[in-house]
$ cat input23.txt   # compact mmCIF, C-alpha atoms and all ligand atoms
# COMPACT_ATOMS: atom_id res chain seq x y z
CA MET A 14 10.13 -2.80 -7.36
CA ARG A 15 7.52 -1.11 -9.51
CA ARG A 16 6.74 2.52 -10.15
CA SER A 17 4.21 4.14 -12.40
CA ILE A 18 3.84 7.37 -14.31
CA THR A 19 0.50 8.69 -15.50
CA VAL A 20 0.32 10.58 -18.80
CA PHE A 21 -2.66 12.01 -20.67
CA PRO A 22 -2.12 11.60 -24.42
CA GLU A 23 -4.01 13.87 -26.80
CA LEU A 24 -6.26 11.71 -28.96
CA THR A 25 -8.87 12.30 -31.63
CA ASP A 26 -12.54 11.44 -31.11
CA THR A 27 -12.34 8.33 -33.29
CA GLU A 28 -9.38 7.08 -31.29
CA VAL A 29 -11.24 7.65 -28.01
CA SER A 30 -14.27 5.76 -29.27
CA ALA A 31 -11.99 2.94 -30.39
CA ILE A 32 -10.64 2.76 -26.85
CA MET A 33 -14.20 2.68 -25.48
CA GLU A 34 -15.12 -0.22 -27.75
CA THR A 35 -11.93 -2.04 -26.80
CA ARG A 36 -12.77 -1.55 -23.16
CA LYS A 37 -16.19 -3.09 -23.63
CA GLN A 38 -14.81 -6.20 -25.32
CA TYR A 39 -11.94 -6.42 -22.83
CA ALA A 40 -14.42 -6.52 -19.95
CA ARG A 41 -16.38 -9.23 -21.74
CA ALA A 42 -13.23 -11.29 -22.28
CA PHE A 43 -12.35 -10.88 -18.60
CA ASN A 44 -15.81 -11.91 -17.40
CA MET A 45 -15.88 -14.96 -19.64
CA SER A 46 -12.44 -16.04 -18.45
CA ALA A 47 -13.25 -15.54 -14.77
CA GLU A 48 -16.56 -17.39 -15.12
CA CYS A 49 -14.88 -20.31 -16.85
CA LEU A 50 -12.14 -20.54 -14.20
CA ILE A 51 -14.58 -20.54 -11.30
CA ASN A 52 -16.95 -23.05 -12.89
CA ASN A 53 -14.09 -25.45 -13.52
CA SER A 54 -12.33 -24.55 -10.27
CA SER A 55 -9.05 -23.98 -12.03
CA THR A 56 -6.47 -21.19 -12.11
CA SER A 57 -4.45 -22.43 -15.06
CA LYS A 58 -3.80 -20.11 -17.98
CA ARG A 59 -3.20 -23.03 -20.28
CA PHE A 60 -6.48 -24.69 -19.41
CA LEU A 61 -8.32 -21.43 -19.91
CA HIS A 62 -6.73 -20.88 -23.29
CA LYS A 63 -7.63 -24.37 -24.44
CA VAL A 64 -11.24 -24.21 -23.34
CA GLN A 65 -12.22 -20.60 -23.79
CA TYR A 66 -10.02 -18.90 -26.38
CA GLU A 67 -12.12 -19.75 -29.43
CA ARG A 68 -15.33 -18.71 -27.72
CA ILE A 69 -13.87 -15.39 -26.59
CA LYS A 70 -12.62 -14.78 -30.10
CA GLU A 71 -16.18 -15.31 -31.35
CA GLU A 72 -17.73 -13.05 -28.74
CA CYS A 73 -15.16 -10.30 -29.11
CA PRO A 74 -14.28 -10.53 -32.81
CA THR A 75 -12.17 -7.40 -33.11
CA LEU A 76 -10.30 -7.61 -29.80
CA PRO A 77 -6.62 -8.30 -30.58
CA THR A 78 -5.24 -11.61 -29.35
CA GLY A 79 -2.69 -9.81 -27.21
CA LEU A 80 -5.43 -8.07 -25.29
CA ILE A 81 -7.39 -11.30 -24.85
CA GLN A 82 -4.27 -12.71 -23.24
CA CYS A 83 -3.97 -9.65 -21.00
CA ALA A 84 -7.59 -9.98 -19.91
CA ARG A 85 -7.01 -13.67 -19.28
CA ASP A 86 -3.95 -12.98 -17.09
CA VAL A 87 -5.85 -10.40 -15.06
CA ALA A 88 -8.75 -12.84 -14.68
CA VAL A 89 -6.44 -15.58 -13.40
CA GLU A 90 -5.02 -13.20 -10.79
CA ALA A 91 -8.47 -12.00 -9.76
CA VAL A 92 -9.77 -15.54 -9.35
CA LYS A 93 -6.73 -16.51 -7.31
CA THR A 94 -7.30 -13.63 -4.89
CA TRP A 95 -10.99 -14.41 -4.78
CA ASN A 96 -10.29 -18.05 -3.94
CA ALA A 97 -7.88 -17.10 -1.18
CA LYS A 98 -10.37 -14.67 0.36
CA ARG A 99 -13.14 -17.21 0.14
CA THR A 100 -11.20 -20.01 1.82
CA LYS A 101 -10.31 -17.61 4.62
CA LEU A 102 -13.90 -16.52 5.04
CA LYS A 103 -15.23 -20.08 4.89
CA GLN A 104 -13.61 -20.95 8.20
CA LYS A 105 -15.35 -18.12 10.02
CA LYS A 106 -18.56 -17.39 8.12
CA PRO A 107 -19.44 -20.19 5.67
CA LYS A 108 -22.74 -18.62 4.64
CA LYS A 109 -21.16 -15.32 3.80
CA ALA A 110 -18.49 -17.11 1.79
CA GLU A 111 -21.17 -18.77 -0.33
CA ARG A 112 -22.70 -15.41 -1.15
CA MET A 113 -19.39 -13.76 -2.03
CA LYS A 114 -19.58 -11.84 -5.28
CA ARG A 115 -17.62 -13.36 -8.13
CA PRO A 116 -14.93 -11.22 -9.74
CA SER A 117 -16.36 -9.26 -12.64
CA MET A 118 -15.40 -6.26 -14.70
CA LYS A 119 -17.66 -3.41 -15.75
CA GLU A 120 -17.64 -1.81 -19.16
CA LYS A 121 -15.93 1.26 -17.76
CA CYS A 122 -12.88 -0.71 -16.71
CA THR A 123 -9.20 0.06 -16.87
CA MET A 124 -7.35 -2.23 -19.25
CA ARG A 125 -4.00 -3.74 -18.49
CA TYR A 126 -1.53 -3.83 -21.33
CA ASP A 127 1.73 -5.75 -21.44
CA VAL A 128 4.87 -5.30 -23.52
CA ARG A 129 3.25 -7.09 -26.47
CA THR A 130 0.37 -4.68 -26.70
CA ILE A 131 2.08 -1.39 -25.81
CA THR A 132 5.43 0.02 -26.91
CA LEU A 133 7.25 3.20 -26.08
CA ARG A 134 10.07 4.40 -28.31
CA GLY A 135 11.42 7.72 -27.19
CA SER A 136 8.25 9.71 -26.77
CA GLN A 137 6.22 7.75 -29.30
CA LEU A 138 3.65 5.51 -27.68
CA THR A 139 1.76 2.86 -29.63
CA PHE A 140 -0.86 0.49 -28.30
CA SER A 141 -3.41 -1.88 -29.78
CA THR A 142 -7.16 -1.37 -29.80
CA CYS A 143 -10.10 -2.98 -31.52
CA GLY A 144 -9.43 -0.93 -34.60
CA ARG A 145 -5.95 0.11 -35.56
CA ARG A 146 -2.95 0.38 -33.31
CA ILE A 147 -2.99 3.93 -31.92
CA LYS A 148 0.17 5.95 -32.39
CA THR A 149 0.65 9.07 -30.29
CA ILE A 150 3.32 11.35 -28.91
CA ILE A 151 3.49 11.75 -25.14
CA SER A 152 5.65 13.92 -22.98
CA ILE A 153 7.12 12.45 -19.82
CA PRO A 154 8.59 14.99 -17.38
CA TRP A 155 12.38 14.86 -17.33
CA PHE A 156 12.67 13.98 -13.66
CA PHE A 157 10.83 10.73 -14.35
CA THR A 158 12.96 9.81 -17.34
CA GLU A 159 16.00 10.54 -15.23
CA ARG A 160 14.81 8.55 -12.25
CA TYR A 161 13.54 5.52 -14.18
CA SER A 162 16.35 5.38 -16.72
CA PRO A 163 17.18 2.07 -18.42
CA SER A 164 20.83 2.42 -17.40
CA GLU A 165 19.77 1.86 -13.80
CA GLY A 166 17.82 -1.28 -14.68
CA TRP A 167 14.36 0.22 -15.15
CA LYS A 168 12.22 -1.34 -17.86
CA LEU A 169 8.74 -0.63 -19.14
CA LYS A 170 6.68 -3.54 -17.90
CA GLY A 171 3.28 -2.60 -19.24
CA ALA A 172 0.55 -0.05 -18.76
CA ASN A 173 -2.98 0.54 -17.59
CA ILE A 174 -5.19 2.44 -19.98
CA GLY A 175 -8.56 3.85 -19.10
CA ILE A 176 -10.78 6.90 -19.15
CA ASP A 177 -11.15 9.00 -16.02
CA ARG A 178 -14.24 10.73 -14.69
CA LYS A 179 -13.52 13.86 -16.67
CA GLY A 180 -13.50 11.85 -19.88
CA ARG A 181 -9.73 12.02 -20.42
CA VAL A 182 -7.81 9.00 -21.62
CA PHE A 183 -5.00 8.20 -19.20
CA VAL A 184 -2.05 5.91 -19.66
CA ASN A 185 -0.45 4.58 -16.51
CA LEU A 186 3.03 3.46 -17.55
CA ILE A 187 4.47 0.80 -15.25
CA TYR A 188 8.22 0.58 -14.83
CA GLU A 189 9.96 -2.26 -13.11
CA CYS A 190 13.43 -2.71 -11.76
CA PRO A 191 14.97 -5.66 -9.90
CA ASP A 192 15.22 -4.99 -6.16
CA SER A 193 18.85 -6.01 -6.04
CA ILE A 194 20.20 -2.61 -7.12
CA ASN A 195 19.16 -1.17 -3.78
CA GLU A 196 20.76 -3.71 -1.52
CA ASN A 197 20.12 -3.71 2.17
CA ARG A 198 22.23 -1.08 3.75
CA GLY A 199 23.66 -1.10 7.23
CA GLY A 200 22.17 0.97 10.00
CA LYS A 201 20.04 0.82 13.06
CA ILE A 202 16.52 -0.41 13.63
CA VAL A 203 14.05 2.32 14.46
CA GLY A 204 10.59 1.79 15.91
CA LEU A 205 7.78 4.12 14.93
CA ASP A 206 4.69 4.78 16.98
CA ARG A 207 1.75 6.36 15.23
CA GLY A 208 -0.66 8.36 17.31
CA ILE A 209 -3.18 11.12 17.51
CA TYR A 210 -1.15 13.77 19.28
CA ASN A 211 2.06 12.97 17.47
CA ILE A 212 1.58 11.57 13.99
CA VAL A 213 4.83 9.65 14.30
CA THR A 214 7.26 9.22 17.18
CA THR A 215 10.55 7.42 16.62
CA SER A 216 12.26 5.24 19.18
CA ASP A 217 15.08 7.82 19.13
CA GLY A 218 12.64 10.27 20.67
CA VAL A 219 11.88 12.43 17.63
CA HIS A 220 8.26 13.59 17.42
CA TYR A 221 6.50 14.53 14.24
CA GLY A 222 3.73 16.58 15.75
CA ALA A 223 0.15 16.72 14.66
CA LYS A 224 -0.59 20.15 16.05
CA ASP A 225 -1.06 21.76 12.65
CA ALA A 226 -3.01 18.84 11.34
CA ARG A 227 -5.28 18.84 14.35
CA ARG A 228 -5.92 22.53 14.02
CA VAL A 229 -6.84 22.18 10.35
CA LYS A 230 -8.95 19.10 11.02
CA ARG A 231 -10.80 20.85 13.80
CA LYS A 232 -11.53 23.74 11.49
CA TYR A 233 -12.85 21.43 8.81
CA ASN A 234 -14.95 19.49 11.29
CA HIS A 235 -16.50 22.70 12.50
CA VAL A 236 -17.26 24.05 9.03
CA ARG A 237 -18.57 20.68 7.95
CA SER A 238 -21.03 20.37 10.80
CA GLN A 239 -22.33 23.87 10.08
CA LEU A 240 -22.78 23.12 6.40
CA GLN A 241 -24.48 19.82 7.13
CA GLU A 242 -26.96 21.63 9.32
CA LYS A 243 -27.76 24.04 6.52
CA GLY A 244 -28.29 21.30 3.96
CA THR A 245 -28.89 23.53 0.95
CA ARG A 246 -27.61 22.66 -2.48
CA SER A 247 -24.77 25.13 -2.39
CA ALA A 248 -23.86 23.83 1.06
CA LYS A 249 -23.57 20.34 -0.38
CA ARG A 250 -21.37 21.61 -3.17
CA ARG A 251 -19.18 23.35 -0.65
CA LEU A 252 -18.97 20.18 1.43
CA LYS A 253 -17.69 18.22 -1.54
CA ALA A 254 -15.01 20.78 -2.26
CA LEU A 255 -14.09 20.81 1.40
CA SER A 256 -13.53 17.07 1.55
CA GLY A 257 -11.07 17.46 -1.34
CA CYS A 258 -9.18 20.21 0.52
CA GLU A 259 -8.91 18.11 3.64
CA LYS A 260 -7.75 15.05 1.75
CA ARG A 261 -5.01 17.02 0.00
CA PHE A 262 -3.85 18.46 3.28
CA VAL A 263 -3.54 15.04 4.90
CA HIS A 264 -1.80 13.63 1.83
CA ASP A 265 0.71 16.45 1.87
CA GLN A 266 1.38 15.97 5.55
CA ASN A 267 1.96 12.25 5.11
CA HIS A 268 4.20 12.86 2.12
CA CYS A 269 6.37 15.30 4.08
CA ILE A 270 6.74 13.05 7.11
CA SER A 271 7.44 9.89 5.14
CA ARG A 272 9.99 11.73 2.99
CA LYS A 273 11.83 12.96 6.08
CA LEU A 274 11.88 9.47 7.56
CA ALA A 275 12.95 7.80 4.32
CA ASP A 276 15.80 10.27 3.85
CA THR A 277 17.21 9.70 7.34
CA ASP A 278 20.71 8.27 7.17
CA ASP A 279 21.95 5.24 9.12
CA VAL A 280 18.55 3.52 9.31
CA SER A 281 18.15 0.01 7.92
CA VAL A 282 14.71 -0.98 9.19
CA TYR A 283 11.62 0.92 10.27
CA VAL A 284 9.26 -1.03 12.48
CA LEU A 285 5.59 -0.12 12.64
CA GLU A 286 2.83 -1.55 14.77
CA ASP A 287 0.40 -3.74 12.89
CA LEU A 288 -2.77 -1.72 13.16
CA SER A 289 -4.80 -3.93 10.89
CA SER A 290 -5.45 -6.33 13.75
CA MET A 291 -7.43 -5.85 16.88
CA ASN A 292 -5.57 -2.91 18.27
CA MET A 293 -7.55 -0.21 16.52
CA LEU A 294 -10.85 -1.84 17.32
CA ARG A 295 -10.00 -2.11 20.96
CA LEU A 296 -9.01 1.51 21.04
CA LYS A 297 -12.26 2.43 19.39
CA GLY A 298 -14.34 0.52 21.89
CA LYS A 299 -12.84 2.07 24.95
CA SER A 300 -12.23 5.65 23.97
CA SER A 301 -14.53 8.62 24.04
CA ARG A 302 -16.65 9.78 21.15
CA THR A 303 -14.36 12.63 20.14
CA MET A 304 -11.37 10.31 20.35
CA ARG A 305 -13.08 7.80 18.11
CA LYS A 306 -13.81 10.55 15.62
CA TRP A 307 -10.16 11.51 15.53
CA ILE A 308 -9.09 7.92 15.09
CA SER A 309 -11.63 7.09 12.44
CA ASN A 310 -10.53 9.80 10.05
CA TRP A 311 -6.84 9.50 10.67
CA SER A 312 -4.90 8.08 7.77
CA TYR A 313 -2.57 5.52 9.30
CA SER A 314 -2.49 3.18 6.38
CA ASP A 315 -1.83 5.99 3.93
CA LEU A 316 1.27 7.00 5.88
CA GLU A 317 2.42 3.39 5.98
CA PHE A 318 1.96 3.05 2.23
CA LYS A 319 3.87 6.25 1.47
CA LEU A 320 6.65 5.37 3.88
CA THR A 321 6.98 1.87 2.42
CA TYR A 322 7.44 2.92 -1.17
CA LYS A 323 9.78 5.79 -0.35
CA CYS A 324 11.91 3.54 1.85
CA GLN A 325 12.06 0.87 -0.82
CA MET A 326 13.76 3.35 -3.11
CA ASN A 327 16.37 4.13 -0.42
CA GLY A 328 17.00 0.51 0.56
CA ILE A 329 15.25 0.71 3.94
CA ARG A 330 12.90 -2.08 4.94
CA VAL A 331 9.55 -1.44 6.62
CA GLU A 332 8.30 -4.18 8.94
CA THR A 333 5.25 -4.53 11.12
CA VAL A 334 4.93 -6.19 14.51
CA ASP A 335 2.20 -7.14 16.93
CA ALA A 336 1.09 -3.98 18.67
CA ARG A 337 -0.37 -5.41 21.84
CA TYR A 338 0.61 -3.67 25.10
CA THR A 339 3.21 -1.49 23.40
CA SER A 340 1.78 1.60 25.06
CA GLN A 341 1.36 0.01 28.49
CA LYS A 342 4.66 -1.82 28.80
CA CYS A 343 7.70 -0.19 30.36
CA SER A 344 10.50 -0.24 27.81
CA VAL A 345 13.18 -0.55 30.52
CA CYS A 346 11.94 -3.21 32.94
CA ARG A 347 9.21 -4.64 30.65
CA THR A 348 6.45 -4.61 33.25
CA ILE A 349 3.00 -4.18 31.83
CA ASP A 350 1.05 -1.72 33.93
CA LYS A 351 -1.72 0.40 32.57
CA ALA A 352 -1.55 2.83 35.48
CA SER A 353 2.01 3.87 34.58
CA ARG A 354 0.77 5.87 31.65
CA LYS A 355 -0.86 9.21 32.32
CA GLY A 356 -1.61 11.30 29.24
CA ASN A 357 1.60 11.64 27.28
CA ARG A 358 3.88 10.80 30.22
CA TYR A 359 5.02 7.33 31.07
CA THR A 360 6.31 6.93 34.60
CA CYS A 361 7.02 3.32 35.45
CA ARG A 362 5.61 2.38 38.84
CA HIS A 363 8.13 -0.43 39.22
CA CYS A 364 11.51 0.87 38.12
CA GLY A 365 10.71 4.56 38.13
CA SER A 366 11.94 5.36 34.65
CA ARG A 367 10.25 8.31 32.98
CA MET A 368 9.81 9.21 29.38
CA HIS A 369 7.33 10.40 26.78
CA ALA A 370 4.59 7.80 26.40
CA ASP A 371 4.92 7.69 22.61
CA THR A 372 8.70 7.27 22.76
CA ASN A 373 8.19 4.43 25.21
CA ALA A 374 5.77 2.78 22.80
CA ALA A 375 8.14 3.27 19.86
CA ILE A 376 10.97 1.58 21.78
CA ASN A 377 8.65 -1.31 22.64
CA ILE A 378 7.72 -1.68 18.99
CA ARG A 379 11.39 -1.80 18.01
CA ASP A 380 12.19 -4.32 20.75
CA ASN A 381 9.24 -6.51 19.76
CA TYR A 382 10.71 -6.70 16.29
CA ILE A 383 14.21 -7.46 17.57
CA THR A 384 12.83 -10.22 19.78
CA ARG A 385 10.93 -11.69 16.89
CA VAL A 386 13.97 -11.70 14.63
CA MET A 387 16.14 -13.21 17.35
CA GLN A 388 13.63 -15.99 17.91
CA SER A 389 13.36 -16.77 14.21
CA GLY A 390 17.16 -16.53 13.97
CA GLN A 391 17.54 -19.10 16.72
CA ALA A 392 15.03 -21.34 15.03
CA ALA A 393 17.12 -21.12 11.90
CA VAL A 394 20.26 -22.08 13.80
CA ASN A 395 18.51 -25.14 15.18
CA GLN A 396 17.52 -26.28 11.71
CA PRO A 397 19.46 -29.17 10.16
CA HIS A 398 22.33 -28.48 7.78
CA GLY A 399 21.49 -27.03 4.43
CA TRP A 400 18.57 -25.03 5.74
CA SER A 401 18.69 -21.43 4.64
CA ALA A 402 19.98 -20.08 7.91
CA THR A 403 22.58 -17.99 6.14
CA GLY A 404 20.21 -16.44 3.67
CA ARG A 405 18.60 -14.24 6.26
CA PRO A 406 19.49 -10.58 5.97
CA GLU A 407 17.79 -9.84 9.30
CA THR A 408 20.52 -11.33 11.41
CA GLU A 409 23.11 -8.71 10.52
CA PRO A 410 21.55 -5.43 11.66
CA VAL A 411 20.36 -7.12 14.84
CA GLY A 412 23.90 -8.02 15.75
CA GLN A 413 24.87 -4.40 15.46
CA THR A 414 22.05 -3.22 17.62
CA LEU A 415 22.82 -5.83 20.20
CA THR A 416 26.35 -4.62 20.72
CA SER A 417 25.48 -0.94 20.66
CA LYS A 418 22.49 -1.03 22.99
CA PRO A 419 22.74 -3.91 25.44
CA SER A 420 20.92 -2.06 28.21
CA VAL A 421 17.68 -2.03 26.30
CA LEU A 422 17.67 -5.73 25.69
CA TYR A 423 18.45 -7.03 29.15
ZN ZN A 501 9.93 0.02 34.38

$ encode --input "input23.txt" --output "structure tokens" --more "lines below"
Ligand SMILES: [Zn+2]
Amino acid sequence: MRRSITVFPELTDTEVSAIMETRKQYARAFNMSAECLINNSSTSKRFLHKVQYERIKEECPTLPTGLIQCARDVAVEAVKTWNAKRTKLKQKKPKKAERMKRPSMKEKCTMRYDVRTITLRGSQLTFSTCGRRIKTIISIPWFFTERYSPSEGWKLKGANIGIDRKGRVFVNLIYECPDSINENRGGKIVGLDRGIYNIVTTSDGVHYGAKDARRVKRKYNHVRSQLQEKGTRSAKRRLKALSGCEKRFVHDQNHCISRKLADTDDVSVYVLEDLSSMNMLRLKGKSSRTMRKWISNWSYSDLEFKLTYKCQMNGIRVETVDARYTSQKCSVCRTIDKASRKGNRYTCRHCGSRMHADTNAAINIRDNYITRVMQSGQAAVNQPHGWSATGRPETEPVGQTLTSKPSVLY
């Protein structure tokens, strides 16, 4: 598990220009490494070092060796991701895959440092640049030092150093801690349905409403359309400020909801629908224009991201499942019938059960996950001896749910 803290050290002008020069050479080292890897179709650090180290040293004479190694490591990772993306794309669109842009770094990049090139002793931070090693005093807020204390296994893993749009030098300290200290805890499996009218609905029937958010969004949409019509320079300025306001509001909302969910006791797994697949597109195609507008600027993935990292800290897992038919299926008798859903009510036309449509979907999402785990669990049982059937943590919480809620499963 990794966490980061951003600090803004106070530096002199010469130090800032040294960082700028370092950044330039770092980008060059990265580009040379990436180019070499792709041309030789390799992703080996050793190979790269053998072939390219001397040349990089010539091109970037003052860049410290430690930073060349950092740039090389980043390049290897970038090329690996690029390769994976390309192979995936090749199957579907071979022409597009040929034209795919190679990984490259601009001069205004953010540099990655590792423990060899950055050190933090107390509040004294030192890191290497093209010139001298820069020594500076930083202040980290106490709640961070308390939370990421070495006694709990947290270690400084490295840092990202760059210059932001305002011209400030920022240091993004990265702390790492082995996952094992937050072992899986016992508890139930809860399905979460994300929607427009309720941001999140749990399978226990708790709604986290979007009434406020919708009101604020509507207001912003209205003001925005008026300003866009005006089109003057001050209107454009106002629009920019407005987009910031709206973003902060949504972020705050997502932070509050994910915090509440992550702090809920007796939960071991949260199950979300996998919205990255076709589901969203299908929704977009069939719904009205206003609906599409709502969907397009709703921040599903942001909520998922915030929930995931908060849950990680509390030992809760976040899983995703196939989302197909979760809103049309009856969670009691499992019949799929589109006509059963009317607005936010779900009244099954076959077994007559009634509930909130979002709760119904959340239960379906949870059950989809349970079914999946049971199937994979059975597959593991059927494996020959010595297969890692015992090493699966999933099997335990499912057993608990099975005994406590048999009616849902059968
Ligand atoms: Zn039914």

$ residues_near_ligand --input "input23.txt" --ligand "ligand ZN 501 (chain A)" --cutoff "10 Å" --atoms "all atoms listed in the file" --output "list in words"
Lys342, Cys343, Ser344, Val345, Cys346, Arg347, Thr348, Ile349, Asp350, Ser353, Tyr359, Thr360, Cys361, Arg362, His363, Cys364, Gly365, Ser366 and Arg367 of chain A

$ write_last_selection --input "input23.txt" --atoms "C-alpha atoms" --output "short mmCIF file (atom, residue, chain, number, x, y, z; two decimals), in the coordinates of the input"
data_model
loop_
_atom_site.label_atom_id
_atom_site.label_comp_id
_atom_site.auth_asym_id
_atom_site.auth_seq_id
_atom_site.Cartn_x
_atom_site.Cartn_y
_atom_site.Cartn_z
CA LYS A 342 4.66 -1.82 28.80
CA CYS A 343 7.70 -0.19 30.36
CA SER A 344 10.50 -0.24 27.81
CA VAL A 345 13.18 -0.55 30.52
CA CYS A 346 11.94 -3.21 32.94
CA ARG A 347 9.21 -4.64 30.65
CA THR A 348 6.45 -4.61 33.25
CA ILE A 349 3.00 -4.18 31.83
CA ASP A 350 1.05 -1.72 33.93
CA SER A 353 2.01 3.87 34.58
CA TYR A 359 5.02 7.33 31.07
CA THR A 360 6.31 6.93 34.60
CA CYS A 361 7.02 3.32 35.45
CA ARG A 362 5.61 2.38 38.84
CA HIS A 363 8.13 -0.43 39.22
CA CYS A 364 11.51 0.87 38.12
CA GLY A 365 10.71 4.56 38.13
CA SER A 366 11.94 5.36 34.65
CA ARG A 367 10.25 8.31 32.98
#

$ atom_distance --input "input23.txt" --atom1 "CA of Pro22 in chain A" --atom2 "CA of Arg146 in chain A"
14.3 Å

$ closest_residue --input "input23.txt" --among "A:Asp192, A:Asp278, A:Asp217, A:Glu120" --to "Thr372 in chain A" --atoms "only C-alpha atoms"
A:Asp217

$ atom_distance --input "input23.txt" --atom1 "CA of Leu133 in chain A" --atom2 "CA of Ile81 in chain A"
20.6 Å

$ closest_residue --input "input23.txt" --among "A:Asn185, A:Ser312, A:Ser152, A:Ser389" --to "Arg16 in chain A" --atoms "all atoms listed in the file"
A:Asn185

$ decode --input "input23.txt" --residues "range 50-69 of chain A" --atoms "N, CA and C atoms" --output "PDB file, in the first residue's frame"
ATOM      1  N   LEU A  50      14.813   0.899 -26.042  1.00  0.00           N
ATOM      2  CA  LEU A  50      14.051  -0.297 -25.690  1.00  0.00           C
ATOM      3  C   LEU A  50      13.119  -0.712 -26.833  1.00  0.00           C
ATOM      4  N   ILE A  51      12.441   0.288 -27.401  1.00  0.00           N
ATOM      5  CA  ILE A  51      11.468  -0.025 -28.450  1.00  0.00           C
ATOM      6  C   ILE A  51      12.185  -0.517 -29.702  1.00  0.00           C
ATOM      7  N   ASN A  52      13.273   0.151 -30.065  1.00  0.00           N
ATOM      8  CA  ASN A  52      14.000  -0.256 -31.273  1.00  0.00           C
ATOM      9  C   ASN A  52      14.551  -1.668 -31.156  1.00  0.00           C
ATOM     10  N   ASN A  53      14.932  -2.060 -29.949  1.00  0.00           N
ATOM     11  CA  ASN A  53      15.476  -3.405 -29.773  1.00  0.00           C
ATOM     12  C   ASN A  53      14.444  -4.387 -29.238  1.00  0.00           C
ATOM     13  N   SER A  54      13.212  -3.938 -29.187  1.00  0.00           N
ATOM     14  CA  SER A  54      12.095  -4.693 -28.602  1.00  0.00           C
ATOM     15  C   SER A  54      12.519  -5.492 -27.363  1.00  0.00           C
ATOM     16  N   SER A  55      12.954  -4.720 -26.379  1.00  0.00           N
ATOM     17  CA  SER A  55      13.378  -5.332 -25.113  1.00  0.00           C
ATOM     18  C   SER A  55      12.772  -4.533 -23.959  1.00  0.00           C
ATOM     19  N   THR A  56      12.664  -5.167 -22.795  1.00  0.00           N
ATOM     20  CA  THR A  56      12.250  -4.424 -21.606  1.00  0.00           C
ATOM     21  C   THR A  56      13.185  -4.764 -20.453  1.00  0.00           C
ATOM     22  N   SER A  57      14.445  -5.039 -20.799  1.00  0.00           N
ATOM     23  CA  SER A  57      15.400  -5.441 -19.762  1.00  0.00           C
ATOM     24  C   SER A  57      16.257  -4.257 -19.326  1.00  0.00           C
ATOM     25  N   LYS A  58      16.303  -4.052 -18.010  1.00  0.00           N
ATOM     26  CA  LYS A  58      17.103  -2.959 -17.469  1.00  0.00           C
ATOM     27  C   LYS A  58      18.586  -3.198 -17.727  1.00  0.00           C
ATOM     28  N   ARG A  59      18.958  -4.476 -17.626  1.00  0.00           N
ATOM     29  CA  ARG A  59      20.373  -4.807 -17.767  1.00  0.00           C
ATOM     30  C   ARG A  59      20.859  -4.529 -19.187  1.00  0.00           C
ATOM     31  N   PHE A  60      20.027  -4.947 -20.134  1.00  0.00           N
ATOM     32  CA  PHE A  60      20.345  -4.723 -21.539  1.00  0.00           C
ATOM     33  C   PHE A  60      20.497  -3.228 -21.810  1.00  0.00           C
ATOM     34  N   LEU A  61      19.527  -2.480 -21.291  1.00  0.00           N
ATOM     35  CA  LEU A  61      19.527  -1.035 -21.512  1.00  0.00           C
ATOM     36  C   LEU A  61      20.794  -0.406 -20.946  1.00  0.00           C
ATOM     37  N   HIS A  62      21.170  -0.845 -19.772  1.00  0.00           N
ATOM     38  CA  HIS A  62      22.348  -0.287 -19.123  1.00  0.00           C
ATOM     39  C   HIS A  62      23.596  -0.570 -19.953  1.00  0.00           C
ATOM     40  N   LYS A  63      23.680  -1.779 -20.436  1.00  0.00           N
ATOM     41  CA  LYS A  63      24.842  -2.192 -21.234  1.00  0.00           C
ATOM     42  C   LYS A  63      24.968  -1.340 -22.486  1.00  0.00           C
ATOM     43  N   VAL A  64      23.829  -1.217 -23.190  1.00  0.00           N
ATOM     44  CA  VAL A  64      23.868  -0.583 -24.509  1.00  0.00           C
ATOM     45  C   VAL A  64      23.928   0.940 -24.424  1.00  0.00           C
ATOM     46  N   GLN A  65      23.119   1.490 -23.496  1.00  0.00           N
ATOM     47  CA  GLN A  65      22.837   2.922 -23.589  1.00  0.00           C
ATOM     48  C   GLN A  65      23.489   3.777 -22.511  1.00  0.00           C
ATOM     49  N   TYR A  66      23.999   3.196 -21.463  1.00  0.00           N
ATOM     50  CA  TYR A  66      24.455   4.012 -20.326  1.00  0.00           C
ATOM     51  C   TYR A  66      25.522   5.022 -20.724  1.00  0.00           C
ATOM     52  N   GLU A  67      26.534   4.554 -21.452  1.00  0.00           N
ATOM     53  CA  GLU A  67      27.640   5.437 -21.823  1.00  0.00           C
ATOM     54  C   GLU A  67      27.143   6.607 -22.666  1.00  0.00           C
ATOM     55  N   ARG A  68      26.241   6.283 -23.600  1.00  0.00           N
ATOM     56  CA  ARG A  68      25.736   7.331 -24.489  1.00  0.00           C
ATOM     57  C   ARG A  68      24.919   8.361 -23.723  1.00  0.00           C
ATOM     58  N   ILE A  69      24.107   7.880 -22.772  1.00  0.00           N
ATOM     59  CA  ILE A  69      23.318   8.820 -21.972  1.00  0.00           C
ATOM     60  C   ILE A  69      24.257   9.702 -21.159  1.00  0.00           C
TER      61      ILE A  69
END
